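Encoded as structure tokens, the structure appears first; notes follow it.
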Amino acid sequence: MNILKKPLLIGLIIISFSVFVFINYSSNKNNKIFTKFINDTSLETVSFLNKDQKKFFLSDFKGKVLLVNLWATWCLPCKIEMPSLDRLQKNLGDNNFEVIAIAVEKTDISKIIDFYKETNINHLKIYQDKTTKSGLYTKATGLPLTLLIGKNGEEIGRRNGPWEWDSDEVMSIIQELKTAN
């Protein structure tokens, strides 16, 4: 009996510590939202499919400010931040701004569709990169990775890890970019 309790206790400690770090990291007002962009990415080669299997490239959205999020259905931090991405798209999405959430995984697209239904994601379009090369082209070091892309198609900044994307800080940055030439 004691042998079974020890792994359970260790697991609970690890989970508690992870939650503590995540909450403190997310609520620290001194953190920058976006880090400096990486120069040698290949954003023009990032391609993905919609739920009807139509192929898109990020360049197809040139002229819009984009918040591009690479995520996966198996990624817990990705799952946690998806509702805030959905709310951001609902609040600010228009002809000048779009959230593009790309599921980077080889699973059938029906799994992504089911995830959207189960989590009430209603404002984000369904996109998938079955090749998983978007991670390579963006120099992702893990998931989730979020890129802020200007109207000219160039990366402005990036964020590794989850964030509360419908926060006042983020919405202010995006509003400013939407109105800029």
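Identifiers in the structure tokens: chain A, B, ... in order shown; residue index from 1 per chain; ligand index from 1 in order shown.
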
Give me the residues of region 140-169 of chain A that have any atom at most 8 Å from an atom of region 69-83 of chain A; for each, the nearest atom pair and the distance in Å, rounded to one decimal. Use only C-alpha atoms, sort by chain and number, and format it as a Markdown table.
```
| residue | atom | partner | partner_atom | distance |
| --- | --- | --- | --- | --- |
| A:Leu143 | CA | A:Trp71 | CA | 5.6 |
| A:Pro144 | CA | A:Trp71 | CA | 4.9 |
| A:Leu145 | CA | A:Leu70 | CA | 5.2 |
| A:Thr146 | CA | A:Asn69 | CA | 4.3 |
| A:Leu147 | CA | A:Asn69 | CA | 6.4 |
| A:Gly161 | CA | A:Pro77 | CA | 7.2 |
| A:Pro162 | CA | A:Pro77 | CA | 5.8 |
| A:Trp163 | CA | A:Glu81 | CA | 6.3 |
| A:Glu164 | CA | A:Glu81 | CA | 6.4 |
| A:Trp165 | CA | A:Glu81 | CA | 7.4 |
```

(request) With a distance cut-off of 12 Å and only C-alpha atoms, select the neighbouring residues of Thr141 (chain A), excluding the residue or stretch itself and same-chain residues fewer than 5 positions from it, and output the selection as a list in words. (result) Ile38, Leu70, Ser134, Gly135, Leu136, Thr146, Arg158, Arg159, Asn160 and Gly161 of chain A

(request) Could you pull out the residues in region 61-154 of chain A that DSSP calls alpha helix (DSSP H) from the backbone, as a PyMOL selection string? (result) chain A and resi 76-92+109-118+133-137

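If only C-alpha atoms are the atoms counted, then among A:Val99, A:Ile173, A:Leu88, A:Ile113 the closest residue to Leu58 (chain A) is A:Val99.
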
(request) Find, counting only C-alpha atoms, the residue in A:Lys117, A:Lys55, A:Lys111, A:His123 that gets nearest to Leu85 (chain A). (result)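 Closest residue, counting only C-alpha atoms: A:His123.
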
(request) Go through A:Lys62, A:Arg87, A:Lys32, A:Lys51 one by one, measure the shortest atom-to-atom distance of each to Ser167 (chain A) using only C-alpha atoms, and give the residue with the smallest value. (result) A:Arg87

(request) Return the single residue from A:Ala101, A:Ala140, A:Val46, A:Asn152 that is closest to Tyr127 (chain A), with distances computed using only C-alpha atoms. (result)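 Looking only at the distances to Tyr127 (chain A), the closest residue turns out to be A:Ala101.
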
(message) According to DSSP computed on the backbone, where in region 6-164 of chain A is there strand (DSSP E)? Give the residues as a VMD selection string.
(response) chain A and resid 35 to 36 47 to 50 55 to 57 65 to 71 97 to 103 127 to 128 145 to 149 155 to 160

Output file for the residues above (C-alpha atoms, as a PDB file, in the first residue's frame):
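Heads up, here's the output in out36.pdb:
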```pdb
ATOM      1  CA  THR A  35       9.839  38.169 -27.372  1.00  0.00           C
ATOM      2  CA  LYS A  36      11.935  39.419 -30.249  1.00  0.00           C
ATOM      3  CA  SER A  47       1.254  25.805 -45.219  1.00  0.00           C
ATOM      4  CA  PHE A  48      -1.823  24.234 -43.686  1.00  0.00           C
ATOM      5  CA  LEU A  49      -5.203  22.798 -44.617  1.00  0.00           C
ATOM      6  CA  ASN A  50      -8.667  23.839 -43.567  1.00  0.00           C
ATOM      7  CA  LYS A  55      -4.382  24.402 -48.747  1.00  0.00           C
ATOM      8  CA  PHE A  56      -3.372  27.830 -47.414  1.00  0.00           C
ATOM      9  CA  PHE A  57      -0.105  29.671 -46.925  1.00  0.00           C
ATOM     10  CA  VAL A  65      -2.442  41.444 -38.749  1.00  0.00           C
ATOM     11  CA  LEU A  66      -2.231  37.774 -37.713  1.00  0.00           C
ATOM     12  CA  LEU A  67      -1.842  35.995 -34.430  1.00  0.00           C
ATOM     13  CA  VAL A  68      -0.679  32.542 -35.564  1.00  0.00           C
ATOM     14  CA  ASN A  69      -0.840  29.848 -32.919  1.00  0.00           C
ATOM     15  CA  LEU A  70       0.791  26.429 -33.391  1.00  0.00           C
ATOM     16  CA  TRP A  71      -0.854  23.916 -31.092  1.00  0.00           C
ATOM     17  CA  PHE A  97      -7.031  40.904 -38.002  1.00  0.00           C
ATOM     18  CA  GLU A  98      -7.351  37.147 -37.665  1.00  0.00           C
ATOM     19  CA  VAL A  99      -6.303  34.479 -35.204  1.00  0.00           C
ATOM     20  CA  ILE A 100      -4.996  31.470 -37.118  1.00  0.00           C
ATOM     21  CA  ALA A 101      -4.739  28.423 -34.862  1.00  0.00           C
ATOM     22  CA  ILE A 102      -2.913  25.616 -36.682  1.00  0.00           C
ATOM     23  CA  ALA A 103      -3.064  22.124 -35.178  1.00  0.00           C
ATOM     24  CA  TYR A 127      -6.613  24.539 -39.657  1.00  0.00           C
ATOM     25  CA  GLN A 128      -4.154  21.645 -39.564  1.00  0.00           C
ATOM     26  CA  LEU A 145       4.058  28.812 -30.139  1.00  0.00           C
ATOM     27  CA  THR A 146       2.322  32.039 -31.047  1.00  0.00           C
ATOM     28  CA  LEU A 147       3.569  34.465 -33.687  1.00  0.00           C
ATOM     29  CA  LEU A 148       2.415  38.035 -34.140  1.00  0.00           C
ATOM     30  CA  ILE A 149       2.638  38.867 -37.837  1.00  0.00           C
ATOM     31  CA  GLU A 155       7.011  38.464 -37.859  1.00  0.00           C
ATOM     32  CA  ILE A 156       6.771  41.175 -35.208  1.00  0.00           C
ATOM     33  CA  GLY A 157       7.201  38.944 -32.166  1.00  0.00           C
ATOM     34  CA  ARG A 158       6.597  35.514 -30.703  1.00  0.00           C
ATOM     35  CA  ARG A 159       5.577  33.831 -27.489  1.00  0.00           C
ATOM     36  CA  ASN A 160       6.631  30.349 -26.462  1.00  0.00           C
TER      37      ASN A 160
END
```

(request) Quick one: pull the distance between CA of Asp129 (chain A) and CA of Glu105 (chain A), Å, one decimal. (result) 6.4 Å
